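Colleague: Before I ask anything, let me first share the structure, which is written out below as structure tokens.
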Amino acid sequence: MLRKKKKHHIKIKSGLPPGTAIFTGEVKEEISETTVVQYNEASVNVEILRGDNCPLSSDKEVTWYDVRVLSDVSLIENIGKTFNVHPLAIEDILNTSQRPKWDDYDNGIFITVRALRLDEYNDIVTEQVSFFLEKTVLLTFQEDHDDLFKVIRERIKNGQGKVRQKGTDYLTYALLDCIVDEYITLLEHLDDKIEALETEVLSNSTPSVRSQIYRFKQQLSHVRRAVLPLRDVISRFSREEGEIVDPSNQVYIRDLYDHIVRVIETTEHQRDMLNNLDDLYNSEQSNRANHIMKVLTIVSAIFIPLTFIVGVYGTNFDVLPELHYPHAYTAMWIGMILIAIVQLIYFRWKRWL
Amino acid sequence: MLRKKKKHHIKIKSGLPPGTAIFTGEVKEEISETTVVQYNEASVNVEILRGDNCPLSSDKEVTWYDVRVLSDVSLIENIGKTFNVHPLAIEDILNTSQRPKWDDYDNGIFITVRALRLDEYNDIVTEQVSFFLEKTVLLTFQEDHDDLFKVIRERIKNGQGKVRQKGTDYLTYALLDCIVDEYITLLEHLDDKIEALETEVLSNSTPSVRSQIYRFKQQLSHVRRAVLPLRDVISRFSREEGEIVDPSNQVYIRDLYDHIVRVIETTEHQRDMLNNLDDLYNSEQSNRANHIMKVLTIVSAIFIPLTFIVGVYGTNFDVLPELHYPHAYTAMWIGMILIAIVQLIYFRWKRWL
Amino acid sequence: MLRKKKKHHIKIKSGLPPGTAIFTGEVKEEISETTVVQYNEASVNVEILRGDNCPLSSDKEVTWYDVRVLSDVSLIENIGKTFNVHPLAIEDILNTSQRPKWDDYDNGIFITVRALRLDEYNDIVTEQVSFFLEKTVLLTFQEDHDDLFKVIRERIKNGQGKVRQKGTDYLTYALLDCIVDEYITLLEHLDDKIEALETEVLSNSTPSVRSQIYRFKQQLSHVRRAVLPLRDVISRFSREEGEIVDPSNQVYIRDLYDHIVRVIETTEHQRDMLNNLDDLYNSEQSNRANHIMKVLTIVSAIFIPLTFIVGVYGTNFDVLPELHYPHAYTAMWIGMILIAIVQLIYFRWKRWL
Amino acid sequence: MLRKKKKHHIKIKSGLPPGTAIFTGEVKEEISETTVVQYNEASVNVEILRGDNCPLSSDKEVTWYDVRVLSDVSLIENIGKTFNVHPLAIEDILNTSQRPKWDDYDNGIFITVRALRLDEYNDIVTEQVSFFLEKTVLLTFQEDHDDLFKVIRERIKNGQGKVRQKGTDYLTYALLDCIVDEYITLLEHLDDKIEALETEVLSNSTPSVRSQIYRFKQQLSHVRRAVLPLRDVISRFSREEGEIVDPSNQVYIRDLYDHIVRVIETTEHQRDMLNNLDDLYNSEQSNRANHIMKVLTIVSAIFIPLTFIVGVYGTNFDVLPELHYPHAYTAMWIGMILIAIVQLIYFRWKRWL
Amino acid sequence: MLRKKKKHHIKIKSGLPPGTAIFTGEVKEEISETTVVQYNEASVNVEILRGDNCPLSSDKEVTWYDVRVLSDVSLIENIGKTFNVHPLAIEDILNTSQRPKWDDYDNGIFITVRALRLDEYNDIVTEQVSFFLEKTVLLTFQEDHDDLFKVIRERIKNGQGKVRQKGTDYLTYALLDCIVDEYITLLEHLDDKIEALETEVLSNSTPSVRSQIYRFKQQLSHVRRAVLPLRDVISRFSREEGEIVDPSNQVYIRDLYDHIVRVIETTEHQRDMLNNLDDLYNSEQSNRANHIMKVLTIVSAIFIPLTFIVGVYGTNFDVLPELHYPHAYTAMWIGMILIAIVQLIYFRWKRWL
């Protein structure tokens with residue numbers, strides 16, 4: 001269901017002092033890659049760094065370090081030290097099974113969220129994304145190599161939207177909005193699938209329907225697990241009153257909060273839909289079972305007595321008078337047909353036919 | 001279940017800067033139509049505009065712009081600019097899959113709700129209606145061409161009720177009340193249908209009952225999804241203390257709030273009723289299955305042993321003494337009838353007959 | 001389940017200005033009847049008015065107008081005008097599908113509750129009762145002709161209890177207490193019925209049990225719908241601090257609140273009981289189905305193989321040596337009895353017998 | 001389930017003025033008995049009064065009147081008047097179907113709780129216990145004759161613990177603690193029983209399991225009904241700040257509160273356990289039904305075709321060539337055995353065997 | 001499921017004065033063992049005491065007494081007296097069926113939690129751990145002999161992490177973190193098991209699956225029972241503002257709180273997963289039952305009529321013309337094969353094959 005990349009890490013970490021930087025995700029072949037975007041309203045500067053060399057600051061108003069692939073622990077510790085990130089935050093960045101959370105530190109705000117998307121097999125792939133937000137610097141850490149923030153980077157380069165005119169708080173908002181948009185895409189995909197399932201259940205349900213319902217329930221459960229704590233994070237973000245978040249940007253964050261609430265309501269709605277579908281499917285199945293049962297009952301109830309009758313006249317008694325009547329065979333057929341007709345009328349009256 | 005008109009839009013929008021005005025509903029053939037009603041206690045002035053020309057203000061106390069069909073984005077952007085509507089609000093007006101919400105802006109209040117009604121096939125048709133409420137101007141945006149607010153417009157023209165004596169806040173209240181009345185109509189329709197279902201289940205349930213229960217559950221789920229956030233919107237409206245909402249109108253808004261709560265309680269009650277009906281239906285079905293089973297068991301249990309007996313006397317053994325007794329055949333019948341009677345008494349005692 | 005008296009009214013009202021007085025209940029033949037009770041500690045004066053003539057006030061400290069049957073709209077509008085009742089309150093009095101609610105108006109308190117009682121068929125009959133409470137005047141409006149408040153009127157006449165020494169607030173308390181007592185009577189009746197059902201399910205359950213459980217669940221659902229909002233009303237009443245409610249009477253209202261909470265807890269308890277009973281009933285039914293199945297299986301499993309054996313010796317092959325052995329028939333019987341005994345031992349071991 | 005002792009009383013009381021003292025419990029033969037304990041740190045004085053004579057106060061610091069059996073209304077009214085107990089409190093003491101509650105009066109605190117214990121048939125016996133707590137006097141009222149507070153009285157006499165050094169508030173705490181300890185005993189008894197049931201379901205479930213689960217669910221429901229409101233009562237007690245409750249005793253009351261919370265959590269845990277057991281039992285039952293079904297299917301599927309085959313060779317056609325082949329009979333047997341083996345392999349492959 | 005070690009203790013204690021020190025756990029052979037660790041940033045001093053001799057304080061900043069095995073009541077009372085632990089706290093330490101709780105006393109903070117771990121049979125073993133936290137002294141009490149805190153002691157000795165630079169509050173945090181890490185290990189183990197179950201249910205479910213699901217549900221229920229109150233305890237810890245807890249350590253305690261919340265969310269997620277699995281399993285079982293039923297129905301429906309037909313021609317009527325037609329036997333076979341083919345087509349069309 002979920003590409004597993006976070007097993008057993010606690011056992012490794014268990015007993016180590018808090019704040020120890022250990023990467024707990026799946027170690028991959030890709031090396032860490034840092035993209036640095038520096039911009040103000042007038043100009044943009046994009047640089048890609050590979051490996052350990054941590055760049056200096058510049059004269060631009062906003063500097064955004066985006067680290068992808070977290071396997072290089074020393075790089076991240078290095079960045080952490082440069083920008084005074086608290087060791088507990090560094091630990092949280094590297095421990096990739098965090099729940100979404102918001103932490104205030106003296107020199108900045110730390111946010112962890114989970115990005116979700118569907119892979120080519122329609123399985124949910126999950127990835128941890130962390131933000132460390134200071135007045136002029138934003139650090140982001142993506143667990144995987146694929147770039148979630150490409151669109152935003154393009155927008156900054158082309159000067160689209162308001163990102164270039166605003167600070168790190170608006171940039172954070174825009175990046176989070178990006179992630180939440182992915183949730184909505186995912187849920188709309190689920191919506192289409194659930195609708196297709198509904199048609200299938202109502203017309204002609206196959207046993208595979210049940211495991212599909214199960215699979216969607218599990219997927220919804222994973223989405224909820226990522227989104228429910230995110231609501232609290234964004235709610236906290238929208239109430240932030242400090243020097244980092246500009247009050248004029250609150251309206252955007254509130255809008256983001258509305259999106260999150262919509263996502264949560266959609267998951268609840270879909271869960272309801274799936275439960276209803278499940279009930280319907282089970283009911284359909286038991287209807288089919290009853291129908292099969294009825295066929296068995298009718299066939300048995302009609303033919304078992306008739307077989308008994310012919311059995312009677314198959315006995316070899318010396319004295320069995322009916323056998324010698326000239327029209328006995330015809331009479332037996334008439335009797336048996338009458339019995340069958342009476343039974344059919346009874347079943348019809350019982351509405352089993 | 002729901003006429004679908006809001007699919008895939010996020011994929012299109014995804015990655016665009018916030019505040020970009022894009023219509024995400026179903027594009028229809030009808031062109032946008034704006035009805036402007038300007039009134040004070042003394043006189044009314046109604047004008048219908050087609051297309052892009054946005055009318056100037058007047059000397060009347062209240063000006064109400066009602067735009068129907070949202071396909072003409074430039075018209076709506078134009079109106080937005082004329083009345084200083086925030087770009088995020090414009091985006092919300094055009095994105096027709098919003099959840100009901102309340103937003104405070106510096107120059108006005110923005111409200112989005114969902115209107116629900118039943119079409120000729122008893123399917124729920126949903127439509128997004130947005131309000132932008134300023135001191136003397138009210139803008140409303142209906143997604144579809146059919147006019148939800150005809151009754152209110154008539155009332156304004158004829159001077160019925162208090163609308164003419166009051167401001168934009170009372171007008172907003174009256175329009176929202178209109179939408180909520182539609183909910184109640186819809187739920188009363190459901191009430192009648194559920195009652196009819198109850199009778200059907202108790203007397204003689206057919207398999208179609210189950211899919212009807214399913215359908216009503218889905219409909220209720222859609223109603224709840226529209227109404228639950230609306231409660232918060234109206235609650236917020238009833239607590240609004242600013243220059244736009246006059247304290248003397250609070251009593252009406254509180255009454256509207258009571259209606260919403262009643263709608264919610266009714267959906268809960270109906271959900272309960274449907275769940276109970278569902279249980280009852282399943283129980284009835286399994287009663288019927290048990291009954292069919294009993295018939296099968298009784299017929300089989302009586303005739304299978306008898307068939308065995310006649311089978312015994314159908315064997316061709318050289319030495320089978322009973323066959324040669326003169327009254328053997330009669331004795332066999334007596335024995336078989338006795339066995340059948342004993343079984344019938346046993347089934348009677350077990351209350352299976 | 002509920003005597004229906006409130007259908008389709010919204011469709012009629014829909015579109016009318018708020019505050020329009022229209023009676024939405026079932027129009028009955030009885031005409032409205034107003035009983036006026038005026039009293040102070042020393043003396044009582046009771047007068048019954050029929051029709052439209054609204055009496056003047058008196059020198060007594062408390063005046064209580066009790067209107068029964070609400071079909072006469074002009075009478076109620078007339079009373080409303082005489083005592084300055086807000087048009088929205090008049091609308092709520094006449095719209096007999098209100099949920100229980102509390103409304104503060106400038107000159108008084110408006111309360112709506114639902115009275116419930118069982119009719120002769122053990123169906124719940126529901127009736128809306130409204131109160132408009134001023135300093136010296138109490139107006140009450142009963143939807144139906146039968147008098148809920150007879151006991152209180154008797155008590156006032158006879159000077160029993162404290163009613164005569166206290167004001168309209170205590171009178172309101174006493175009347176509400178009357179209505180809540182009816183709830184308790186109703187729930188105790190349900191309690192007896194549920195206990196009887198329990199005995200029936202445990203001893204020998206018939207299919208009618210299931211529809212009785214269903215019926216009680218629906219009744220409980222109706223009671224909850226009336227009582228849950230009433231709790232908020234009484235809670236609001238008990239916190240009222242104004243010139244109308246005397247602080248010394250708060251102790252009585254708190255006691256009334258305790259009764260309401262007890263009613264709610266009882267409905268929850270009974271719902272639990274009914275759900276448990278339902279589970280038990282379904283379990284019993286499936287036990288019976290399994291038992292029937294076992295009988296079928298045992299009879300079939302024993303006799304089908306035996307019938308096969310006798311079938312073998314009923315064949316007409318030219319060469320079938322066993323037929324010609326002298327003790328073949330006896331041997332066949334011994335073999336068949338052995339097979340049957342082995343099967344019986346197997347079923348016994350499986351605990352199917 | 002519960003010894004019923006509180007039926008129909010509301011019907012009697014209904015319509016009477018509030019504050020009327022009527023005993024609503026089961027009238028028993030025992031007469032009321034009052035035990036008076038008067039003590040200070042130095043000495044104790046215990047006296048047992050029968051009937052109506054209400055003793056005077058003494059020079060001791062704490063006086064505790066414990067009335068057992070509430071049938072003697074005049075005695076209780078007499079005590080009530082002596083210590084200025086409010087008529088509503090007297091009514092609550094005598095109405096033995098109260099829910100646990102806390103009431104502040106001007107001169108004291110009124111507490112009602114329900115004591116629960118198991119009788120010899122493992123049925124829950126419930127009894128109402130009321131407290132009226134003043135600065136130096138504590139009145140307690142036990143509904144039944146058996147003495148719940150014997151242990152405390154012994155402890156006072158022997159000077160064990162801190163009771164003698166403390167006031168009526170500590171005494172109330174100690175008595176309530178006594179009652180809560182009984183709950184825990186009761187729940188531990190249930191715990192043992194549920195564990196035994198679990199073993200039975202997992203090894204070899206009989207139909208009686210289901211009604212035992214039902215019975216325990218009902219018992220838990222009764223316990224919850226007594227304990228949930230008690231939590232609020234004790235919470236209120238622990239927050240009491242007045243002249244009656246000494247702040248130094250709050251630590252004990254908070255401890256009592258913790259016990260209550262533990263009791264509630266235990267009932268929730270046990271309810272979960274019972275629901276899980278119920279699911280397991282139903283699943284086991286349907287497994288057994290499926291197993292029986294499999295036996296039926298296998299026997300029928302093997303022998304019905306074989307019986308058909310022998311039937312074919314039992315026909316009396318003039319021309320039936322197979323009958324005359326010398327090895328036909330042996331060939332038939334070989335064919336039938338092959339068919340049976342193929343079927344057994346198929347069933348094995350399907351894992352039905 | 002749980003190693004039982006806390007039965008019947010209330011019955012023993014019931015009636016004793018509060019604050020009486022009685023050990024209610026399972027009495028084991030091991031004797032109590034006290035490990036004393038005294039440290040400041042510069043140096044560490046570890047001493048193991050057996051039996052009753054309670055050591056004096058030292059010049060180190062932090063003194064940590066860790067008592068394992070609680071059977072020696074006098075030792076614990078002795079320690080309690082030395083450090084002024086309240087008698088109720090001593091009672092709670094010894095009563096090993098406490099729910100996790102937080103208690104403020106004048107001279108320190110008392111915390112009780114439950115440690116959970118899996119034993120070699122994958123059963124959950126539970127143990128009560130109590131903390132009494134003063135400014136410079138921390139007392140911990142482990143119910144069992146196995147040492148939960150070994151890792152921390154090693155870390156203190158080796159000077160790893162920040163423990164040596166901080167006070168008793170940080171030490172408490174580190175010890176609690178240790179216990180919570182065990183929860184996560186346990187849940188990850190459950191996660192693996194549930195995933196394995198999922199594969200088993202989807203491929204080929206055996207009846208043992210059901211009792212495994214049951215077992216995991218019970219285990220989750222036990223985990224929740226330990227963790228839910230712990231959340232309140234840690235929340236209270238994180239809000240503690242006194243001289244004992246240094247504000248600079250709040251960030252660590254908040255981090256611990258996040259872990260607890262993650263544990264709770266994981267249990268909820270796993271409960272969901274198990275419920276879904278349960279539904280899936282039941283559905284699979286009923287699919288299998290339906291499949292078996294179909295086989296029975298098809299075999300019976302085909303062969304019962306055919307057996308009837310051959311029965312007809314097995315009768316011994318004198319006049320049965322068909323028997324004498326030369327091709328009658330072949331015709332019968334053709335007819336029977338046609339009947340079977342028609343039935344197979346029907347079942348195919350019904351999708352039963």
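Simple scheme: letters A, B, ... for chains in structure tokens order, numbers from 1 for residues in each chain, numbers from 1 for ligands in the order shown.
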Please produce, as a tab-separated table, a per-residue contact table for chain C versus chain D (criterion: any atom at most 6 Å away, only C-alpha atoms considered), showing the nearest atom pair and its distance in Å to one decimal, sorted by chain then residue number.
Modeller:
residue	atom	partner	partner_atom	distance
C:Val151	CA	D:Gly15	CA	5.6
C:Gly161	CA	D:Pro17	CA	5.0
C:Asn290	CA	D:Ala289	CA	5.9
C:Thr297	CA	D:Leu296	CA	5.1
C:Ala301	CA	D:Val299	CA	6.0
C:Pro305	CA	D:Phe303	CA	6.0
C:Phe308	CA	D:Thr307	CA	4.7
C:Gly311	CA	D:Val310	CA	5.6
C:Val312	CA	D:Val310	CA	5.3
C:Gly314	CA	D:Gly314	CA	5.5
C:Thr315	CA	D:Gly314	CA	3.8
C:Asn316	CA	D:Gly314	CA	5.4
C:Phe317	CA	D:Leu323	CA	4.4
C:Asp318	CA	D:His324	CA	5.4
Colleague: If you keep C-alpha atoms, can you produce a file of those selected residues as a PDB file, in the first residue's frame?
Modeller:
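What landed in again.pdb:
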ATOM      1  CA  VAL C 151     -52.969  19.424  36.945  1.00  0.00           C
ATOM      2  CA  GLY C 161     -47.697  23.892  46.443  1.00  0.00           C
ATOM      3  CA  ASN C 290     -27.186 -23.257  11.816  1.00  0.00           C
ATOM      4  CA  THR C 297     -26.550 -32.097   6.710  1.00  0.00           C
ATOM      5  CA  ALA C 301     -24.919 -37.221   4.806  1.00  0.00           C
ATOM      6  CA  PRO C 305     -24.503 -42.716   0.525  1.00  0.00           C
ATOM      7  CA  PHE C 308     -26.231 -44.965  -3.573  1.00  0.00           C
ATOM      8  CA  GLY C 311     -28.898 -48.144  -6.151  1.00  0.00           C
ATOM      9  CA  VAL C 312     -25.872 -50.260  -7.006  1.00  0.00           C
ATOM     10  CA  GLY C 314     -30.762 -52.232  -8.165  1.00  0.00           C
ATOM     11  CA  THR C 315     -28.810 -52.272 -11.428  1.00  0.00           C
ATOM     12  CA  ASN C 316     -29.679 -54.888 -14.017  1.00  0.00           C
ATOM     13  CA  PHE C 317     -26.206 -56.029 -15.058  1.00  0.00           C
ATOM     14  CA  ASP C 318     -26.118 -59.603 -16.340  1.00  0.00           C
TER      15      ASP C 318
END
Colleague: As a ChimeraX atom specification, please: all residues of range 10-123 of chain C that backbone DSSP puts in strand (DSSP E).
Modeller: /C:33-39,44-50,62-68,101-105,108-118
Colleague: Could those selected residues go to a file with N, CA, C and O atoms, as a short mmCIF file (atom, residue, chain, number, x, y, z; two decimals), in the first residue's frame?
Modeller:
data_model
loop_
_atom_site.label_atom_id
_atom_site.label_comp_id
_atom_site.auth_asym_id
_atom_site.auth_seq_id
_atom_site.Cartn_x
_atom_site.Cartn_y
_atom_site.Cartn_z
N GLU C 33 -59.37 27.64 21.94
CA GLU C 33 -60.01 27.91 23.23
C GLU C 33 -58.95 28.54 24.13
O GLU C 33 -57.85 28.01 24.23
N THR C 34 -59.26 29.63 24.74
CA THR C 34 -58.29 30.31 25.60
C THR C 34 -58.75 30.24 27.05
O THR C 34 -59.87 30.64 27.37
N THR C 35 -57.89 29.71 27.91
CA THR C 35 -58.21 29.69 29.33
C THR C 35 -57.35 30.74 30.01
O THR C 35 -56.11 30.72 29.88
N VAL C 36 -57.96 31.65 30.72
CA VAL C 36 -57.21 32.70 31.40
C VAL C 36 -57.26 32.43 32.89
O VAL C 36 -58.34 32.27 33.46
N VAL C 37 -56.09 32.34 33.49
CA VAL C 37 -56.03 32.17 34.95
C VAL C 37 -55.30 33.38 35.51
O VAL C 37 -54.19 33.69 35.09
N GLN C 38 -55.95 34.06 36.42
CA GLN C 38 -55.33 35.23 37.06
C GLN C 38 -55.29 34.96 38.56
O GLN C 38 -56.29 34.57 39.15
N TYR C 39 -54.12 35.11 39.14
CA TYR C 39 -54.05 34.81 40.58
C TYR C 39 -52.98 35.63 41.29
O TYR C 39 -52.04 36.12 40.68
N VAL C 44 -57.89 33.51 43.21
CA VAL C 44 -57.74 33.02 41.85
C VAL C 44 -58.97 33.37 41.05
O VAL C 44 -60.06 33.43 41.59
N ASN C 45 -58.78 33.58 39.75
CA ASN C 45 -59.89 33.89 38.86
C ASN C 45 -59.67 33.14 37.56
O ASN C 45 -58.69 33.37 36.87
N VAL C 46 -60.58 32.21 37.23
CA VAL C 46 -60.41 31.44 35.99
C VAL C 46 -61.53 31.76 35.02
O VAL C 46 -62.70 31.81 35.41
N GLU C 47 -61.19 31.99 33.73
CA GLU C 47 -62.20 32.35 32.74
C GLU C 47 -61.86 31.61 31.44
O GLU C 47 -60.69 31.53 31.06
N ILE C 48 -62.88 31.07 30.80
CA ILE C 48 -62.62 30.42 29.51
C ILE C 48 -63.23 31.25 28.41
O ILE C 48 -64.41 31.60 28.45
N LEU C 49 -62.38 31.59 27.42
CA LEU C 49 -62.83 32.40 26.29
C LEU C 49 -62.84 31.55 25.04
O LEU C 49 -61.92 30.78 24.80
N ARG C 50 -63.83 31.68 24.25
CA ARG C 50 -63.84 31.01 22.95
C ARG C 50 -63.78 32.07 21.88
O ARG C 50 -64.43 33.10 21.96
N VAL C 62 -50.32 37.62 38.71
CA VAL C 62 -49.95 36.79 37.57
C VAL C 62 -51.15 36.54 36.68
O VAL C 62 -52.23 36.19 37.18
N THR C 63 -50.98 36.77 35.36
CA THR C 63 -52.04 36.45 34.39
C THR C 63 -51.49 35.44 33.42
O THR C 63 -50.44 35.65 32.81
N TRP C 64 -52.20 34.30 33.28
CA TRP C 64 -51.73 33.22 32.40
C TRP C 64 -52.77 32.95 31.33
O TRP C 64 -53.87 32.51 31.62
N TYR C 65 -52.44 33.26 30.08
CA TYR C 65 -53.30 32.93 28.94
C TYR C 65 -52.83 31.61 28.38
O TYR C 65 -51.70 31.51 27.94
N ASP C 66 -53.72 30.63 28.34
CA ASP C 66 -53.37 29.34 27.77
C ASP C 66 -54.25 29.09 26.55
O ASP C 66 -55.45 28.82 26.69
N VAL C 67 -53.66 29.19 25.32
CA VAL C 67 -54.43 28.97 24.10
C VAL C 67 -54.25 27.52 23.67
O VAL C 67 -53.12 27.04 23.55
N ARG C 68 -55.38 26.82 23.45
CA ARG C 68 -55.31 25.46 22.93
C ARG C 68 -55.91 25.46 21.53
O ARG C 68 -56.90 26.12 21.28
N LYS C 101 -36.56 25.58 21.37
CA LYS C 101 -35.58 26.67 21.37
C LYS C 101 -35.92 27.74 22.39
O LYS C 101 -37.04 27.81 22.91
N TRP C 102 -34.94 28.57 22.69
CA TRP C 102 -35.02 29.67 23.63
C TRP C 102 -34.69 30.94 22.88
O TRP C 102 -33.67 30.98 22.19
N ASP C 103 -35.52 31.95 22.98
CA ASP C 103 -35.21 33.23 22.34
C ASP C 103 -35.45 34.37 23.30
O ASP C 103 -36.50 34.44 23.93
N ASP C 104 -34.45 35.23 23.40
CA ASP C 104 -34.61 36.45 24.20
C ASP C 104 -35.18 37.55 23.33
O ASP C 104 -34.66 37.82 22.25
N TYR C 105 -36.24 38.16 23.77
CA TYR C 105 -36.70 39.38 23.11
C TYR C 105 -36.63 40.51 24.12
O TYR C 105 -36.46 40.27 25.32
N GLY C 108 -39.49 40.07 26.67
CA GLY C 108 -39.85 38.79 27.25
C GLY C 108 -39.00 37.66 26.70
O GLY C 108 -38.13 37.86 25.86
N ILE C 109 -39.27 36.45 27.20
CA ILE C 109 -38.53 35.25 26.82
C ILE C 109 -39.49 34.34 26.07
O ILE C 109 -40.63 34.13 26.51
N PHE C 110 -39.00 33.82 24.92
CA PHE C 110 -39.83 32.92 24.12
C PHE C 110 -39.24 31.52 24.17
O PHE C 110 -38.06 31.33 23.90
N ILE C 111 -40.05 30.52 24.56
CA ILE C 111 -39.59 29.13 24.66
C ILE C 111 -40.53 28.25 23.83
O ILE C 111 -41.75 28.41 23.91
N THR C 112 -39.95 27.36 23.04
CA THR C 112 -40.76 26.35 22.34
C THR C 112 -40.26 24.97 22.75
O THR C 112 -39.05 24.74 22.75
N VAL C 113 -41.18 24.08 23.09
CA VAL C 113 -40.78 22.71 23.42
C VAL C 113 -41.74 21.76 22.72
O VAL C 113 -42.75 22.18 22.17
N ARG C 114 -41.40 20.49 22.75
CA ARG C 114 -42.30 19.47 22.19
C ARG C 114 -42.79 18.59 23.33
O ARG C 114 -41.99 18.05 24.07
N ALA C 115 -44.10 18.48 23.46
CA ALA C 115 -44.66 17.53 24.44
C ALA C 115 -44.87 16.20 23.73
O ALA C 115 -45.28 16.17 22.58
N LEU C 116 -44.52 15.12 24.41
CA LEU C 116 -44.68 13.79 23.83
C LEU C 116 -45.56 12.97 24.76
O LEU C 116 -45.42 13.04 25.98
N ARG C 117 -46.47 12.18 24.19
CA ARG C 117 -47.17 11.20 25.02
C ARG C 117 -47.56 10.01 24.14
O ARG C 117 -47.52 10.09 22.91
N LEU C 118 -47.90 8.91 24.77
CA LEU C 118 -48.31 7.72 24.04
C LEU C 118 -49.82 7.74 23.87
O LEU C 118 -50.55 8.02 24.82
#
Colleague: Between CA of Phe23 in chain B and CA of Ile156 in chain A, what distance in Å does the model show, to one decimal?
Modeller: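 Separation of CA of Phe23 in chain B and CA of Ile156 in chain A: 24.3 Å.
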